Amino acid sequence: MLRIGIGYDLHRLKRGRRFLLAGIEIPFSKGEDGHSDGDVLAHAVCDAILGASALGDIGELFPPNDPAWKDFDSMKLLRKTFELVKNAGWKIVNLDCVVICEKPKVLPFRDRIREALANVLEIPFENVFLKGKTAEGMGSIGKGKAIEVFVNCLLEKVK
């Protein structure tokens, strides 16, 4: 059995925060604002694999009002999420990710980000892809006030 999942997340950008994508820190004057470390890509991947496996969503498993998750490493959240999905008998076939922000440019960091996701999700590097897009100067993303991510994943039932 195969299932497709869609993950989405949006975070404000704020001075004094680190800019993280899949745990990779990208030098920039702002970072994602969030209850955890704000890693918008890790959050969207969590929701994509949870949605495909029908095991919940990130806000349900890691509530933003729970102090246990304050400033928590989002790649550890992804690892916990993946273990849940794997223990339910699913394996990830592939991920396709779109990161939308005016700055910073994600292309120079793409392979490191792909590798980080592939390692946590136990899939080959070539089964993870990432595209960086801009909002062409429009809206809060185009004005450099936010970052948005979409993730599609394909799961296969193995147990």
# chains A, B, ... in the order shown; residues from 1 in each chain; ligands from 1
$ residues_around --residues "Glu156 of chain A" --least-positions-apart "5" --cutoff "9 Å" --atoms "only C-alpha atoms" --output "list in words"
Met1, Leu2, Arg3, Gly89, Trp90, Lys91, Ile92 and Val93 of chain A
$ residues_around --residues "segment 55-58 of chain A" --least-positions-apart "2" --cutoff "12 Å" --atoms "only C-alpha atoms" --output "ChimeraX atom specification"
/A:5-9,36,40,42-53,60-64,69,74,77-78,80-90
$ write_last_selection --atoms "C-alpha atoms" --output "mmCIF file, in the first residue's frame"
data_model
loop_
_atom_site.group_PDB
_atom_site.id
_atom_site.type_symbol
_atom_site.label_atom_id
_atom_site.label_comp_id
_atom_site.auth_asym_id
_atom_site.auth_seq_id
_atom_site.Cartn_x
_atom_site.Cartn_y
_atom_site.Cartn_z
ATOM 1 C CA GLY A 5 1.183 13.094 2.582
ATOM 2 C CA ILE A 6 1.348 16.869 2.419
ATOM 3 C CA GLY A 7 3.109 18.957 5.036
ATOM 4 C CA TYR A 8 2.933 22.717 5.424
ATOM 5 C CA ASP A 9 4.327 25.264 7.822
ATOM 6 C CA SER A 36 10.598 24.974 19.499
ATOM 7 C CA VAL A 40 9.947 25.188 9.563
ATOM 8 C CA ALA A 42 11.479 19.826 9.931
ATOM 9 C CA HIS A 43 7.956 20.726 11.059
ATOM 10 C CA ALA A 44 6.498 20.402 7.561
ATOM 11 C CA VAL A 45 8.225 17.018 7.058
ATOM 12 C CA CYS A 46 6.730 15.817 10.366
ATOM 13 C CA ASP A 47 3.253 16.779 9.193
ATOM 14 C CA ALA A 48 3.757 15.193 5.753
ATOM 15 C CA ILE A 49 4.760 11.800 7.142
ATOM 16 C CA LEU A 50 2.169 11.933 9.909
ATOM 17 C CA GLY A 51 -0.569 12.797 7.431
ATOM 18 C CA ALA A 52 0.384 10.011 5.031
ATOM 19 C CA SER A 53 0.430 7.469 7.864
ATOM 20 C CA GLU A 60 -1.166 17.108 18.433
ATOM 21 C CA LEU A 61 2.038 15.189 19.263
ATOM 22 C CA PHE A 62 4.133 18.192 20.317
ATOM 23 C CA PRO A 63 1.678 20.876 21.489
ATOM 24 C CA PRO A 64 3.049 24.412 21.174
ATOM 25 C CA TRP A 69 8.973 21.502 23.655
ATOM 26 C CA SER A 74 13.092 20.145 15.685
ATOM 27 C CA LEU A 77 11.025 16.022 16.912
ATOM 28 C CA LEU A 78 11.375 14.690 13.366
ATOM 29 C CA LYS A 80 10.607 10.935 17.216
ATOM 30 C CA THR A 81 7.929 11.360 14.539
ATOM 31 C CA PHE A 82 9.754 9.078 12.107
ATOM 32 C CA GLU A 83 10.133 6.375 14.769
ATOM 33 C CA LEU A 84 6.371 6.462 15.341
ATOM 34 C CA VAL A 85 5.719 6.169 11.588
ATOM 35 C CA LYS A 86 8.321 3.412 11.165
ATOM 36 C CA ASN A 87 6.953 1.462 14.141
ATOM 37 C CA ALA A 88 3.509 1.601 12.514
ATOM 38 C CA GLY A 89 4.987 -0.299 9.569
ATOM 39 C CA TRP A 90 5.717 2.509 7.100
#
$ residues_around --residues "segment 124-139 of chain A" --least-positions-apart "4" --cutoff "6 Å" --atoms "only C-alpha atoms" --output "ChimeraX atom specification"
/A:94-102,106,114-115,118,143
$ closest_atom_pairs --of "segment 62-154 of chain A" --to "segment 10-21 of chain A" --cutoff "7 Å" --atoms "only C-alpha atoms" --output "CSV"
residue,atom,partner,partner_atom,distance
A:Ile113,CA,A:Leu21,CA,6.7
A:Lys145,CA,A:Leu13,CA,5.2
A:Ala146,CA,A:Arg12,CA,4.2
A:Ile147,CA,A:His11,CA,5.6
A:Glu148,CA,A:Leu10,CA,4.4
A:Val149,CA,A:Leu10,CA,6.5
$ write_last_selection --atoms "N, CA and C atoms" --output "PDB file, in the first residue's frame"
ATOM      1  N   ILE A 113      21.164  20.005   3.510  1.00  0.00           N
ATOM      2  CA  ILE A 113      19.798  19.850   4.018  1.00  0.00           C
ATOM      3  C   ILE A 113      19.231  18.502   3.593  1.00  0.00           C
ATOM      4  N   LYS A 145       9.456  38.913   5.984  1.00  0.00           N
ATOM      5  CA  LYS A 145       8.903  38.786   7.333  1.00  0.00           C
ATOM      6  C   LYS A 145       8.538  37.352   7.706  1.00  0.00           C
ATOM      7  N   ALA A 146       8.565  36.439   6.725  1.00  0.00           N
ATOM      8  CA  ALA A 146       8.131  35.069   6.989  1.00  0.00           C
ATOM      9  C   ALA A 146       8.795  34.093   6.022  1.00  0.00           C
ATOM     10  N   ILE A 147       8.681  32.824   6.375  1.00  0.00           N
ATOM     11  CA  ILE A 147       9.148  31.714   5.540  1.00  0.00           C
ATOM     12  C   ILE A 147       8.033  30.668   5.510  1.00  0.00           C
ATOM     13  N   GLU A 148       7.873  30.030   4.372  1.00  0.00           N
ATOM     14  CA  GLU A 148       6.802  29.057   4.171  1.00  0.00           C
ATOM     15  C   GLU A 148       7.404  27.801   3.534  1.00  0.00           C
ATOM     16  N   VAL A 149       6.886  26.641   3.923  1.00  0.00           N
ATOM     17  CA  VAL A 149       7.390  25.379   3.388  1.00  0.00           C
ATOM     18  C   VAL A 149       6.230  24.446   3.064  1.00  0.00           C
TER      19      VAL A 149
END
$ atom_distance --atom1 "atom CA of Lys103 of chain A" --atom2 "atom CA of Gly23 of chain A"
17.4 Å
$ select_by_dssp --residues "chain A" --states "alpha helix (DSSP H)" --output "count of residues only"
48
$ closest_residue --among "A:Leu117, A:Ile24, A:Ile4, A:Ile141" --to "Leu154 of chain A" --atoms "only C-alpha atoms"
A:Ile4
$ atom_distance --atom1 "atom CA of Asp66 of chain A" --atom2 "atom CA of Asp33 of chain A"
16.1 Å
$ closest_residue --among "A:Pro104, A:Ala54, A:Glu32, A:Leu155" --to "Gly142 of chain A" --atoms "only C-alpha atoms"
A:Pro104
